[in-house]
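Chemist: Can you keep this structure in mind? I'll have questions shortly.
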Amino acid sequence: MALPQSKYTNIESGNSRGFEQICHPILPKNVKPLRYDLTLEPNFETFKFEGEVKIDLEVKEDSNQITVNSLEIDIHSVEAAGQRANTIEFDEDKQTALFTFENKFAKGTEIALDIKFTGTLNDNMAGFYRSSYEHEGQTKYLATTQMEPTDCRRAFPSFDEPALKAIFDVTLISDKGLTALSNMDVKEVRELGTDKKATVFNSTPLMSTYLIAFIVGDLRYVENNDFRIPIRTYATPGLEKDGQYAADLTAKTLSFLEEKFDIQYPLPKLDNVAIADFSAGAMENWGLVTYRIVDLLFDEKNSNLNTKQRVTEVVQHELSHQWFGNLVTMDWWEGLWLNEGFATWTSWYACNAFYPDWKVWEQYVTDSLQHALALDALRASHPIEVPVKRADEINQIFDAISYSKGSSLLKMISRWLGEEIFVKGVSNYLKKHQFGNTKTSDLWESLSEASGKNVVEVMDVWTKKIGFPVIKVTEDASTNTISVKQNRYLTTGDVRPEEDETIYPVFLGLKTQTGTDESVVLNAREATLQLEDLKFFKLNADQSGIYRTSYSPDRWVKLGHAGVDGLLSVEDRAGLVADAGALAVSGYQSTLSLLNLVHGWKTESNFVVWDEILTRVSTIKAAWIFEDQNILDSLNAFTRALVSEKTHSLGWEFKESDSFLEQRLKSVLYGSALNAKDEVVIKSALESFDNYIKGDKESVNPNLRASIFGAVARRGNQSDYEEILKIYKNPLSNDEKITALRTLGRFENAQLIERTLGYLFDGTIRAQDIYIPLQGLRTHKAGIEATWGWVQKNWDEITRRLPPGLSMLGSVVTISTSGFTSESKAKEIEQFFASKSTKGFDQGLAQSLDTVRSKASWVVRDHKNIYSWLKEHDF
């Protein structure tokens, strides 16, 4: 499953407090499901669905009881082996239904469990639910599914655990004019009277319940026939034209993955479907992958390069899941990273093969790696493998630990073993366990066999322990040695002894003028390394390790010169900026090391490095957002000194001859210059927008759209607000729609802020998109304060509309609280939630509090230093 675009940036850490160190709540073992025969009929007038499921069971123990998962299902009748159930007992907390029969079922026999039921096509984007869209002036509906992690039980009574794989036969009853889709191809279509039909699908392979999917609605498609099976992209009428890029990419990616892992995709078709209401970014249902519209459909003319790369990575992420997760599935949810970490790594691997000019592995350092380190740097993080008990806990581990730290671990292993051996070991793992379930140890064993190295011993620490280290480097010029010492890294900088007991196996990747030594591993608290000389060295070559490195102030200066002199790769330079920024936040080093480093790299020409530089400068601004305006003005002056000259020289016209990265560089510099109040760039942005609303749709380049709309919001006129709102309601593309929605939150006028907040629940904004205008509000202090006030005032309504069992509530809590920068606000937030149930978002809340407190400490600690540095440099 791909997360929404906001997920990593909104949720800045995980949390261990909500995870109880106990066994997971598996169903009783007295029966085992073998096969489901499921029939469903959705009704778009009542928003109900009628269903019957017949489940073939193998009896493992003599018993007269059967327990299934069931949630929000009205069960009418239950029969098994000719007996009607005497009693049906529901446990809402465990989300189960217990059926008791008069006579016992004998061990070793097979029986059929037959359940008739009614369910609700809910509007919570979970289970079997309804999604609405506008077509020809009318509101239309389709019925679709989202089962992961534990919502199959909302669609039909089932054994809803990943290890309980079975075969599924699905039949969907619908109006004749509607399209019916499921995981498999159609076996037959039977007419039912004059206006109904039954679409019967072929049997699935053995698969987990969270991967079952079915859709009924008015859908159109485009297709690609370059692969040996049909590839289609479906959307509601009028949108399907933007699905061709995804269809073509799907065909190429399936072929690529089959070749790399030497295993054929086993299903007879693959459909991608764009859904208007979708809680995640996408979902890898086997053979029927579902997506948010913005993460699947791509309008080449009206969308920006960010969107193209996002669509590419999301599609390839979901296709990777067809092997990692679908063919081979984790045994239980603590192994989620085996699904998500692999799909994340593989999507970057495939993207690099298809678009080498994008240089995505350089971008990885500032993207997935930093997401992992940012989240895992808080006390409220959790291990990659974390025991989970309740459904709401499972939802909360779909975060950057499972995705980004998991993929970063795989990237680190592939570098250690060598990419060819790594891929071979992974292929062996997939072949050995196909159609089955695995634990992390199964992967380590396959990689050990392929490489001859003890992968288990090295990697168990990284998956089972929380956090990562900071490596402190001390130099001794008299002996040409460096001493390295590892300690637990926390953003708050206040590590307690009991939190610093883990010794990580750290791949030091020692880079010197003679090359890189990949063999050096720090397996102890500290060690001393002999160098030929100390003129130039850097640890963590190409930033492939999961750790931060802390150097002396003098060494930071020398590394700055090394970056200018060409001794450092793009990954090295970006990684140094990221480390310097993180160490400043946490207090391991002064913020002056960061400021001096980036100030010396004004001539930098690489997009990835610039992106990280500007991200870290923005982090300072965000921490100081409630401080004196003078220091914020000085930080803007500093930013202008960094970017204005380069922005003006590069310009903001996009030419056919511009490479992908050149276009990205122009975009990021232009946006930064606007935010820093460069008058020349502001003038160009406002003129472009004014021409745009007069009808010149070419005047705003899609790559600059977000920046230009942001400049308009800072101008702050009510008439501008109305124009942005019009664009949101009648966009040229989905990309533009999302940008306009986020921009509504960037207006700082109190009345306009209230209007934006009012749209969250009045139907103007879809529930899936509530976080988007909140992201805009979080960029200025008036918005931060107003959003928190809105949450407190409307808490009961928020929790009614966004149930705690779903992921959206946690996103809202995190965005609305983590923008603050003082201890007093942290205490206020704690006090508000002290009397509330935090089930379903306790981790996100803990993350926010850690984030707020780390910024508060940073401001107190470095305020004078930063002010003095800015003054000394005439900013």
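Here's how to read the names in the structure tokens: chain A, B, ... by the order shown, residue numbers from 1 in each chain, ligand numbers from 1 in the order shown.
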Write out, as a tab-separated table, each residue of segment 361-420 of chain A that has an atom at most 12 Å from segment 94-107 of chain A, together with the closest pair of atoms and their distance in Å to one decimal, counting only C-alpha atoms, rows going by chain and rising number.

Modeler:
residue	atom	partner	partner_atom	distance
A:Lys389	CA	A:Lys94	CA	10.1
A:Arg390	CA	A:Lys94	CA	7.9
A:Ala391	CA	A:Lys94	CA	8.7
A:Asp392	CA	A:Lys94	CA	11.2

Chemist: I need the residues from that last selection saved to file as a PDB file, in the first residue's frame (with C-alpha atoms), if you can.

Modeler:
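Contents of part.pdb, freshly written:
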ATOM      1  CA  LYS A 389      -2.240  -6.351  19.160  1.00  0.00           C
ATOM      2  CA  ARG A 390      -5.244  -4.304  18.088  1.00  0.00           C
ATOM      3  CA  ALA A 391      -6.467  -3.260  14.648  1.00  0.00           C
ATOM      4  CA  ASP A 392      -5.876   0.422  15.451  1.00  0.00           C
TER       5      ASP A 392
END

Chemist: Could you list, as a ChimeraX atom specification, every residue within 9 Å of Leu336 of chain A, counting only C-alpha atoms and ignoring same-chain residues fewer than 5 positions away?

Modeler: /A:325,329-331,341,384-385,397-398,402-403

Chemist: How about saving the chosen residues, N, CA and C atoms kept, as a PDB file, in the first residue's frame?

Modeler:
ATOM      1  N   GLY A 325       4.376  -9.416  -0.859  1.00  0.00           N
ATOM      2  CA  GLY A 325       3.132  -9.176  -0.139  1.00  0.00           C
ATOM      3  C   GLY A 325       2.029 -10.064  -0.657  1.00  0.00           C
ATOM      4  N   THR A 329       3.716 -13.470   1.551  1.00  0.00           N
ATOM      5  CA  THR A 329       3.049 -12.568   2.492  1.00  0.00           C
ATOM      6  C   THR A 329       3.633 -12.729   3.884  1.00  0.00           C
ATOM      7  N   MET A 330       3.758 -11.605   4.606  1.00  0.00           N
ATOM      8  CA  MET A 330       4.240 -11.718   5.983  1.00  0.00           C
ATOM      9  C   MET A 330       3.246 -12.551   6.801  1.00  0.00           C
ATOM     10  N   ASP A 331       3.783 -13.270   7.778  1.00  0.00           N
ATOM     11  CA  ASP A 331       2.973 -14.151   8.614  1.00  0.00           C
ATOM     12  C   ASP A 331       1.996 -13.365   9.486  1.00  0.00           C
ATOM     13  N   GLY A 341       8.680  -2.310   2.943  1.00  0.00           N
ATOM     14  CA  GLY A 341      10.084  -1.967   2.716  1.00  0.00           C
ATOM     15  C   GLY A 341      10.551  -2.455   1.355  1.00  0.00           C
ATOM     16  N   ILE A 384      11.496  -1.748  13.441  1.00  0.00           N
ATOM     17  CA  ILE A 384      10.940  -2.172  12.154  1.00  0.00           C
ATOM     18  C   ILE A 384       9.957  -3.316  12.371  1.00  0.00           C
ATOM     19  N   GLU A 385      10.350  -4.275  13.189  1.00  0.00           N
ATOM     20  CA  GLU A 385       9.447  -5.367  13.567  1.00  0.00           C
ATOM     21  C   GLU A 385       8.887  -5.046  14.946  1.00  0.00           C
ATOM     22  N   ILE A 397       1.279   1.464  12.161  1.00  0.00           N
ATOM     23  CA  ILE A 397       2.645   1.132  11.742  1.00  0.00           C
ATOM     24  C   ILE A 397       2.822   1.238  10.227  1.00  0.00           C
ATOM     25  N   PHE A 398       1.781   1.708   9.529  1.00  0.00           N
ATOM     26  CA  PHE A 398       1.970   2.060   8.124  1.00  0.00           C
ATOM     27  C   PHE A 398       2.622   3.441   8.086  1.00  0.00           C
ATOM     28  N   SER A 402       8.212   1.318   8.617  1.00  0.00           N
ATOM     29  CA  SER A 402       7.959   0.142   7.775  1.00  0.00           C
ATOM     30  C   SER A 402       8.372   0.389   6.333  1.00  0.00           C
ATOM     31  N   TYR A 403       8.089   1.581   5.822  1.00  0.00           N
ATOM     32  CA  TYR A 403       8.371   1.887   4.419  1.00  0.00           C
ATOM     33  C   TYR A 403       9.818   2.333   4.219  1.00  0.00           C
TER      34      TYR A 403
END

Chemist: Which of these residues is nearest to Ser131 of chain A, using only C-alpha atoms: A:Thr236, A:Ser699, A:Gln83, A:Thr615?

Modeler: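 When distances to Ser131 of chain A are compared using only C-alpha atoms, the smallest one comes from A:Thr236.
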
Chemist: If you count only C-alpha atoms, which residues fall within 10 Å of Lys729 of chain A, apart from same-chain ones fewer than 3 positions away, as a list in words?

Modeler: Glu723, Ile724, Leu725, Lys726, Leu732, Lys737, Ala740, Leu741, Thr764 and Ile765 of chain A

Chemist: Please return, as a PyMOL selection string, all residues of segment 560-640 of chain A that DSSP assigns to alpha helix (DSSP H) on the basis of the backbone.

Modeler: chain A and resi 560-564+570-586+591-599+607-623+629-640

Chemist: Output as an NGL selection string all residues of segment 181-368 of chain A that backbone DSSP marks as strand (DSSP E or B).

Modeler: :A and (181-182 or 186-192 or 196-201 or 207 or 214-217 or 220-224 or 231-235 or 270-275 or 282-283 or 288-292 or 324 or 328-330)

Chemist: Each residue of segment 440-481 of chain A lying at most 6 Å from segment 545-568 of chain A should get a row with its shortest atom-to-atom pair and the distance in Å to one decimal, counting only C-alpha atoms; could you produce that, ordered by chain and increasing number, as CSV?

Modeler:
residue,atom,partner,partner_atom,distance
A:Phe468,CA,A:Tyr547,CA,5.8
A:Pro469,CA,A:Tyr547,CA,5.3
A:Val470,CA,A:Arg548,CA,4.6
A:Ile471,CA,A:Thr549,CA,4.8
A:Lys472,CA,A:Ser550,CA,4.8
A:Val473,CA,A:Tyr551,CA,5.3

Chemist: Keeping N, CA and C atoms for every residue in the selection just given, could you write it to a file as a PDB file, in the first residue's frame?

Modeler:
ATOM      1  N   PHE A 468      18.528   4.458  15.878  1.00  0.00           N
ATOM      2  CA  PHE A 468      19.775   4.362  15.123  1.00  0.00           C
ATOM      3  C   PHE A 468      20.821   5.205  15.853  1.00  0.00           C
ATOM      4  N   PRO A 469      22.102   5.044  15.501  1.00  0.00           N
ATOM      5  CA  PRO A 469      23.143   5.768  16.241  1.00  0.00           C
ATOM      6  C   PRO A 469      23.598   7.059  15.568  1.00  0.00           C
ATOM      7  N   VAL A 470      24.234   7.900  16.374  1.00  0.00           N
ATOM      8  CA  VAL A 470      25.048   8.987  15.862  1.00  0.00           C
ATOM      9  C   VAL A 470      26.493   8.575  16.116  1.00  0.00           C
ATOM     10  N   ILE A 471      27.327   8.726  15.106  1.00  0.00           N
ATOM     11  CA  ILE A 471      28.746   8.363  15.216  1.00  0.00           C
ATOM     12  C   ILE A 471      29.553   9.638  15.428  1.00  0.00           C
ATOM     13  N   LYS A 472      30.137   9.771  16.601  1.00  0.00           N
ATOM     14  CA  LYS A 472      30.969  10.936  16.901  1.00  0.00           C
ATOM     15  C   LYS A 472      32.408  10.646  16.499  1.00  0.00           C
ATOM     16  N   VAL A 473      32.989  11.556  15.730  1.00  0.00           N
ATOM     17  CA  VAL A 473      34.342  11.379  15.205  1.00  0.00           C
ATOM     18  C   VAL A 473      35.295  12.334  15.913  1.00  0.00           C
TER      19      VAL A 473
END

Chemist: Give me, as a Markdown table, the closest atom pair and its distance (Å, one decimal) for every residue of segment 389-495 of chain A within a cut-off of 9 Å of segment 261-283 of chain A, counting only C-alpha atoms, rows sorted by chain and rising number.

Modeler:
| residue | atom | partner | partner_atom | distance |
| --- | --- | --- | --- | --- |
| A:Val423 | CA | A:Phe261 | CA | 7.0 |
| A:Lys424 | CA | A:Phe261 | CA | 7.4 |
| A:Val426 | CA | A:Phe261 | CA | 7.4 |
| A:Ser427 | CA | A:Phe261 | CA | 4.8 |
| A:Asn428 | CA | A:Phe261 | CA | 8.3 |
| A:Leu430 | CA | A:Phe261 | CA | 8.0 |
| A:Lys431 | CA | A:Ile263 | CA | 7.3 |

Chemist: Return the single residue from A:Arg130, A:Lys666, A:Lys871, A:Lys781 that is closest to Thr46 of chain A, with distances computed using only C-alpha atoms.

Modeler: A:Arg130

Chemist: Set the distance at 12 Å and use only C-alpha atoms: which residues neighbour Leu3 of chain A once local chain neighbours fewer than 6 positions away are removed? I'd like the list as an mmCIF file with N, CA and C atoms, in the first residue's frame.

Modeler:
data_model
loop_
_atom_site.group_PDB
_atom_site.id
_atom_site.type_symbol
_atom_site.label_atom_id
_atom_site.label_comp_id
_atom_site.auth_asym_id
_atom_site.auth_seq_id
_atom_site.Cartn_x
_atom_site.Cartn_y
_atom_site.Cartn_z
ATOM 1 N N THR A 9 5.530 13.503 5.695
ATOM 2 C CA THR A 9 5.784 14.847 6.184
ATOM 3 C C THR A 9 4.852 15.220 7.317
ATOM 4 N N ASN A 10 3.666 14.624 7.333
ATOM 5 C CA ASN A 10 2.716 14.933 8.399
ATOM 6 C C ASN A 10 3.031 14.176 9.675
ATOM 7 N N ILE A 11 3.410 12.926 9.523
ATOM 8 C CA ILE A 11 3.653 12.084 10.690
ATOM 9 C C ILE A 11 5.148 11.921 10.824
ATOM 10 N N PHE A 278 -10.420 7.738 -1.451
ATOM 11 C CA PHE A 278 -9.477 6.670 -1.166
ATOM 12 C C PHE A 278 -8.576 7.094 -0.024
ATOM 13 N N SER A 279 -8.516 6.299 1.026
ATOM 14 C CA SER A 279 -7.821 6.730 2.242
ATOM 15 C C SER A 279 -6.305 6.659 2.108
ATOM 16 N N ALA A 280 -5.810 5.693 1.359
ATOM 17 C CA ALA A 280 -4.365 5.552 1.184
ATOM 18 C C ALA A 280 -3.940 6.263 -0.098
ATOM 19 N N GLY A 281 -2.704 6.015 -0.532
ATOM 20 C CA GLY A 281 -2.284 6.494 -1.839
ATOM 21 C C GLY A 281 -2.673 5.485 -2.898
ATOM 22 N N ALA A 282 -2.489 4.199 -2.560
ATOM 23 C CA ALA A 282 -2.860 3.111 -3.459
ATOM 24 C C ALA A 282 -2.881 1.814 -2.667
ATOM 25 N N MET A 283 -3.485 0.772 -3.253
ATOM 26 C CA MET A 283 -3.582 -0.530 -2.586
ATOM 27 C C MET A 283 -3.358 -1.639 -3.594
ATOM 28 N N GLU A 284 -2.484 -2.574 -3.222
ATOM 29 C CA GLU A 284 -1.932 -3.554 -4.145
ATOM 30 C C GLU A 284 -2.799 -4.784 -4.378
ATOM 31 N N TYR A 291 -6.212 3.102 -6.585
ATOM 32 C CA TYR A 291 -5.387 4.288 -6.353
ATOM 33 C C TYR A 291 -6.256 5.506 -6.076
ATOM 34 N N ARG A 292 -5.684 6.475 -5.363
ATOM 35 C CA ARG A 292 -6.197 7.834 -5.445
ATOM 36 C C ARG A 292 -6.031 8.306 -6.885
ATOM 37 N N ASP A 295 -2.686 9.798 -7.775
ATOM 38 C CA ASP A 295 -1.532 8.914 -7.762
ATOM 39 C C ASP A 295 -1.528 7.903 -8.904
ATOM 40 N N ARG A 310 5.982 10.961 -8.816
ATOM 41 C CA ARG A 310 5.133 10.353 -7.794
ATOM 42 C C ARG A 310 4.289 9.227 -8.391
ATOM 43 N N GLU A 313 6.508 6.191 -9.162
ATOM 44 C CA GLU A 313 6.926 5.441 -7.977
ATOM 45 C C GLU A 313 5.763 4.699 -7.334
ATOM 46 N N VAL A 314 4.575 5.316 -7.294
ATOM 47 C CA VAL A 314 3.428 4.647 -6.678
ATOM 48 C C VAL A 314 3.010 3.434 -7.500
ATOM 49 N N HIS A 317 5.566 0.807 -7.011
ATOM 50 C CA HIS A 317 5.448 0.298 -5.639
ATOM 51 C C HIS A 317 4.364 -0.778 -5.573
ATOM 52 N N GLU A 318 3.183 -0.465 -6.138
ATOM 53 C CA GLU A 318 2.076 -1.420 -6.068
ATOM 54 C C GLU A 318 2.354 -2.664 -6.899
ATOM 55 N N GLU A 340 6.185 -3.633 2.750
ATOM 56 C CA GLU A 340 6.321 -2.215 2.398
ATOM 57 C C GLU A 340 7.762 -1.782 2.165
ATOM 58 N N ALA A 343 8.595 -3.193 -1.300
ATOM 59 C CA ALA A 343 7.913 -2.482 -2.384
ATOM 60 C C ALA A 343 8.511 -1.101 -2.581
ATOM 61 N N THR A 344 8.923 -0.456 -1.494
ATOM 62 C CA THR A 344 9.548 0.864 -1.599
ATOM 63 C C THR A 344 10.906 0.760 -2.286
ATOM 64 N N ASN A 395 -2.879 -0.197 12.026
ATOM 65 C CA ASN A 395 -2.974 0.969 11.145
ATOM 66 C C ASN A 395 -1.839 1.952 11.366
ATOM 67 N N GLN A 396 -1.384 2.065 12.606
ATOM 68 C CA GLN A 396 -0.401 3.094 12.936
ATOM 69 C C GLN A 396 1.029 2.737 12.542
ATOM 70 N N ILE A 397 1.279 1.464 12.161
ATOM 71 C CA ILE A 397 2.645 1.132 11.742
ATOM 72 C C ILE A 397 2.822 1.238 10.227
ATOM 73 N N PHE A 398 1.781 1.708 9.529
ATOM 74 C CA PHE A 398 1.970 2.060 8.124
ATOM 75 C C PHE A 398 2.622 3.441 8.086
ATOM 76 N N ASP A 399 3.909 3.472 8.355
ATOM 77 C CA ASP A 399 4.621 4.734 8.514
ATOM 78 C C ASP A 399 6.009 4.617 7.909
ATOM 79 N N ALA A 400 6.811 5.627 8.116
ATOM 80 C CA ALA A 400 8.131 5.664 7.486
ATOM 81 C C ALA A 400 9.120 4.689 8.101
ATOM 82 N N SER A 402 8.212 1.318 8.617
ATOM 83 C CA SER A 402 7.959 0.142 7.775
ATOM 84 C C SER A 402 8.372 0.389 6.333
ATOM 85 N N TYR A 403 8.089 1.581 5.822
ATOM 86 C CA TYR A 403 8.371 1.887 4.419
ATOM 87 C C TYR A 403 9.818 2.333 4.219
ATOM 88 N N SER A 404 10.183 3.455 4.819
ATOM 89 C CA SER A 404 11.463 4.089 4.493
ATOM 90 C C SER A 404 12.642 3.478 5.239
ATOM 91 N N GLN A 768 -11.021 12.305 2.332
ATOM 92 C CA GLN A 768 -9.647 11.852 2.075
ATOM 93 C C GLN A 768 -8.663 13.013 1.970
ATOM 94 N N SER A 807 -7.020 5.797 9.581
ATOM 95 C CA SER A 807 -5.744 6.518 9.712
ATOM 96 C C SER A 807 -5.884 8.033 9.638
ATOM 97 N N MET A 808 -6.995 8.545 9.102
ATOM 98 C CA MET A 808 -7.100 9.978 8.853
ATOM 99 C C MET A 808 -7.059 10.805 10.134
ATOM 100 N N SER A 811 -3.561 11.699 11.195
ATOM 101 C CA SER A 811 -2.961 12.746 10.360
ATOM 102 C C SER A 811 -3.423 14.126 10.794
#

Chemist: So which one's closest to Gly425 of chain A, A:Asp442, A:Asp517, A:Glu449, A:Asp476? Using only C-alpha atoms, please.

Modeler: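 For Gly425 of chain A, the nearest of the given residues is A:Glu449.
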
Chemist: When you count only C-alpha atoms, which of these residues is closest to Leu71 of chain A: A:Trp858, A:Trp332, A:Phe422, A:Phe128?

Modeler: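 Of A:Trp858, A:Trp332, A:Phe422, A:Phe128, the one nearest Leu71 of chain A, counting only C-alpha atoms, is A:Phe128.
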
Chemist: What's around Asn43 of chain A at 9 Å? Count only C-alpha atoms, leave out sequence neighbours fewer than 6 positions away in its own chain, and write the answer as a PyMOL selection string.

Modeler: chain A and resi 49-50+121+143+174

Chemist: So which residues touch Glu136 of chain A within 12 Å, counting only C-alpha atoms, skipping near sequence neighbours fewer than 3 positions away, as a PyMOL selection string?

Modeler: chain A and resi 133+139-140+236-238

Chemist: Do you have the atom CA of Ala582 of chain A-atom CA of Arg616 of chain A distance handy?

Modeler: 8.4 Å
